[in-house]
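Written below as structure tokens is the structure these notes are about.
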Amino acid sequence: MAGIVAVFDFDKTIVDLDSDNWVVDELGFTHLFNKLQPTMPFNSLMDRMMLELHSHGKTIEDIVQVLQRIPIHPRIIPAIKAANALGCDLRIVSDANTFFIETILKHFGIRECFSEINTNPGYFNEEGRLKILPYHDFNKSPHLCNLCPPNMCKGLIIKKIQDSISRVENKRFIYLGDGSGDYYPSLKLSDRDFVMPRKNFPVWDLICKEPSLMKAEIHEWSDGEEFERVLLKLINKISIEESAQFISADCKLQTLSVSAHEALPQVLPLPQY
């Protein structure tokens, strides 16, 4: 459906674990990570961990191999491919980083399903070490949102996406996420939209505290099977509603056309001489 924008978180939504923690744990740096975690923001911590990996001889290939074996539920990939095939505009808004996300999506053959990835920049410098930067530079221009981490306000990103879409296009949003950072963007959705929080995860708990604050319709999911079922059900629901509106509008035009025709003066018969 060209009228649907589906926005996905990445960690614990598309993949089943946190990709940052997965890399750190798999490469054997959990102890150092836990030691440094209380001392700095998470985004800065991950950049520091990439420095530590590099200084201990870990290569790009080591990181790629770990990323390529990250767990993902078997129904997630078919669900994303189906939504893309149905014409939905799929986008990612994630607090991971470009290198991790791009590597994983390409490995699973679904990178081309997404029109846009909004995340923290991640690139390899000339020394071959992965640099991870904040999406929002919280030192130079903080986003001032107290609901989100300093490096990324997903609410501002959703607002940017909404503003980039013409009102004439009249698109509807489906937002899928699990973490507390997915709460603020969910509040930005309208009553024509849908939010899919992962049940018993932080965003679900926040929504359950005051569900009346949500304008969007709430549809929870727990695992990949429910992810697929609920997502495709919502796409189908929107499709049916849009088709019904189109038919209704078409009928109104036909009715107006008939009414206008009936309102025309009748042709009088010519007199016979």
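Chain labels A, B, ... are given in the sequence in which chains occur in the structure tokens; within each chain residues are numbered consecutively from 1, and ligands are likewise numbered from 1 in the order shown.
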For the interface of region 125-179 of chain A with region 226-236 of chain A (cut-off 12 Å, counting only C-alpha atoms), please tabulate each contacting residue of region 125-179 of chain A alongside its nearest pair of atoms and their separation in Å to one decimal, rows sorted by chain and increasing number, as a tab-separated table.
```
residue	atom	partner	partner_atom	distance
A:Arg172	CA	A:Ile235	CA	9.9
A:Phe173	CA	A:Ile235	CA	10.0
A:Ile174	CA	A:Leu234	CA	8.2
A:Tyr175	CA	A:Leu231	CA	9.7
A:Leu176	CA	A:Phe227	CA	8.9
A:Gly177	CA	A:Phe227	CA	10.5
A:Asp178	CA	A:Phe227	CA	11.7
```
| Counting only C-alpha atoms, what is within 9 Å of Cys153 (chain A), bar same-chain residues fewer than 3 positions away, as a ChimeraX atom specification? | /A:135-136,143-145,147-150,156-157,181,184-185
| task | Please provide the set of residues having any atom within 6 Å of region 44-56 of chain A, restricted to only C-alpha atoms, with same-chain residues fewer than 5 positions apart removed, written as a VMD selection string. | result | chain A and resid 129 to 132
Based on the selection just made, write C-alpha atoms of those residues as a short mmCIF file (atom, residue, chain, number, x, y, z; two decimals), in the first residue's frame.
```cif
data_model
loop_
_atom_site.label_atom_id
_atom_site.label_comp_id
_atom_site.auth_asym_id
_atom_site.auth_seq_id
_atom_site.Cartn_x
_atom_site.Cartn_y
_atom_site.Cartn_z
CA ARG A 129 38.57 1.06 13.68
CA LEU A 130 34.83 1.57 13.85
CA LYS A 131 33.78 5.07 14.92
CA ILE A 132 30.26 5.53 16.32
#
```
| request: Write out as a list in words each polymer residue whose atoms come within 7 Å of Lys215 (chain A), counting only C-alpha atoms; drop sequence neighbours fewer than 6 positions from it. | output: Leu189, Ser190 and Asp191 of chain A
Mind dumping the selected residues with N, CA, C and O atoms as a short mmCIF file (atom, residue, chain, number, x, y, z; two decimals), in the first residue's frame?
```
data_model
loop_
_atom_site.label_atom_id
_atom_site.label_comp_id
_atom_site.auth_asym_id
_atom_site.auth_seq_id
_atom_site.Cartn_x
_atom_site.Cartn_y
_atom_site.Cartn_z
N LEU A 189 2.07 10.05 16.89
CA LEU A 189 1.17 9.50 15.89
C LEU A 189 -0.24 10.05 16.05
O LEU A 189 -0.64 10.43 17.15
N SER A 190 -1.00 10.04 14.97
CA SER A 190 -2.36 10.57 14.99
C SER A 190 -3.37 9.45 15.23
O SER A 190 -3.01 8.27 15.29
N ASP A 191 -4.64 9.83 15.30
CA ASP A 191 -5.69 8.83 15.53
C ASP A 191 -5.99 8.00 14.29
O ASP A 191 -6.80 7.07 14.33
#
```
| Of the residues A:Phe33, A:Tyr123, A:Phe194, A:Trp204, which is the one nearest to Lys171 (chain A), using only C-alpha atoms? | A:Phe194
| query | With distances taken over only C-alpha atoms, which of A:Met196, A:Ile165, A:Leu133, A:Ile70 is nearest to Leu105 (chain A)? | reply | A:Ile70
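Residues lying within 7 Å of region 84-100 of chain A, counting only C-alpha atoms and ignoring same-chain neighbours fewer than 4 positions away, are Met1, Ala2, Ile4, Val5, Ala6, Val7, Phe8, Asp9, Phe10, Asp20, Leu67, Ile80, Ile104, Cys113, Phe114, Ser115, Glu116, Ile117, Asn118, Thr119, Asn120, Pro121, Gly122, Tyr123, Ile132, Met152 and Lys154 of chain A.
For the pair CA of Asp11 (chain A) and CA of Arg75 (chain A), the interatomic distance is 15.7 Å.
Of the listed residues A:Gln37, A:Ser222, A:Asn43, A:Ser180, the one whose atoms come nearest to Asp16 (chain A) is A:Ser222, with distances taken using only C-alpha atoms.
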| query | Quick one: DSSP strand (DSSP E) residues in region 101-226 of chain A, as a count of residues only? | reply | 25
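Note that the spacing between CA of Ile63 (chain A) and CA of His107 (chain A) amounts to 13.1 Å.
The neighbours of Pro74 (chain A) here are the residues that come within 12 Å of it, using only C-alpha atoms and leaving out any residue fewer than 2 positions away in the same chain; they are A:Ile14, A:Val15, A:Asp16, A:Pro71, A:Ile72, A:Ile76, A:Ile77, A:Pro78, A:Ala79, A:Ile80, A:Phe108, A:Asp223, A:Gly224, A:Glu225, A:Glu226, A:Phe227, A:Glu228.
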Filtering to N, CA, C and O atoms, could you give me those residues as a compact mmCIF listing (two decimals), in the first residue's frame?
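Writing the result to out-v8.txt gives the following:
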```txt
# COMPACT_ATOMS: atom_id res chain seq x y z
N ILE A 14 13.41 -5.90 15.01
CA ILE A 14 13.73 -6.69 13.82
C ILE A 14 14.64 -7.85 14.21
O ILE A 14 14.33 -9.01 13.90
N VAL A 15 15.76 -7.56 14.85
CA VAL A 15 16.59 -8.64 15.40
C VAL A 15 16.15 -8.88 16.84
O VAL A 15 15.57 -8.00 17.47
N ASP A 16 16.45 -10.05 17.35
CA ASP A 16 15.88 -10.46 18.63
C ASP A 16 16.67 -9.98 19.84
O ASP A 16 16.21 -10.13 20.98
N PRO A 71 20.79 -13.48 16.33
CA PRO A 71 19.49 -14.18 16.25
C PRO A 71 18.38 -13.29 15.69
O PRO A 71 18.28 -12.11 16.02
N ILE A 72 17.55 -13.87 14.83
CA ILE A 72 16.37 -13.20 14.29
C ILE A 72 15.28 -14.24 14.14
O ILE A 72 15.53 -15.37 13.71
N ILE A 76 10.26 -12.83 10.84
CA ILE A 76 10.49 -11.40 10.66
C ILE A 76 10.82 -11.06 9.21
O ILE A 76 10.25 -10.13 8.62
N ILE A 77 11.73 -11.82 8.61
CA ILE A 77 12.14 -11.53 7.23
C ILE A 77 10.97 -11.67 6.24
O ILE A 77 10.74 -10.76 5.43
N PRO A 78 10.17 -12.75 6.29
CA PRO A 78 9.01 -12.84 5.40
C PRO A 78 8.01 -11.70 5.61
O PRO A 78 7.40 -11.22 4.66
N ALA A 79 7.84 -11.26 6.87
CA ALA A 79 6.91 -10.17 7.16
C ALA A 79 7.37 -8.87 6.50
O ALA A 79 6.57 -8.14 5.90
N ILE A 80 8.66 -8.58 6.62
CA ILE A 80 9.21 -7.35 6.03
C ILE A 80 9.12 -7.41 4.50
O ILE A 80 8.74 -6.44 3.85
N PHE A 108 20.79 -10.63 5.61
CA PHE A 108 19.50 -11.32 5.56
C PHE A 108 18.71 -11.00 4.28
O PHE A 108 17.58 -11.45 4.11
N ASP A 223 6.23 -11.92 19.72
CA ASP A 223 7.33 -12.61 19.03
C ASP A 223 7.18 -12.41 17.53
O ASP A 223 6.30 -11.69 17.06
N GLY A 224 8.05 -13.07 16.77
CA GLY A 224 8.05 -12.89 15.33
C GLY A 224 6.77 -13.30 14.65
O GLY A 224 6.36 -12.69 13.66
N GLU A 225 6.13 -14.36 15.15
CA GLU A 225 4.87 -14.79 14.54
C GLU A 225 3.79 -13.74 14.71
O GLU A 225 3.04 -13.43 13.77
N GLU A 226 3.71 -13.16 15.91
CA GLU A 226 2.72 -12.10 16.14
C GLU A 226 3.11 -10.82 15.40
O GLU A 226 2.24 -10.09 14.91
N PHE A 227 4.40 -10.53 15.33
CA PHE A 227 4.91 -9.41 14.55
C PHE A 227 4.36 -9.47 13.12
O PHE A 227 3.80 -8.50 12.60
N GLU A 228 4.51 -10.64 12.49
CA GLU A 228 4.05 -10.83 11.11
C GLU A 228 2.53 -10.73 11.02
O GLU A 228 1.99 -10.02 10.16
```
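Restricting the calculation to only C-alpha atoms, the smallest distance between Asn139 (chain A) and any of A:Asn151, A:Glu112, A:Gly179, A:Phe201 is found for A:Asn151.
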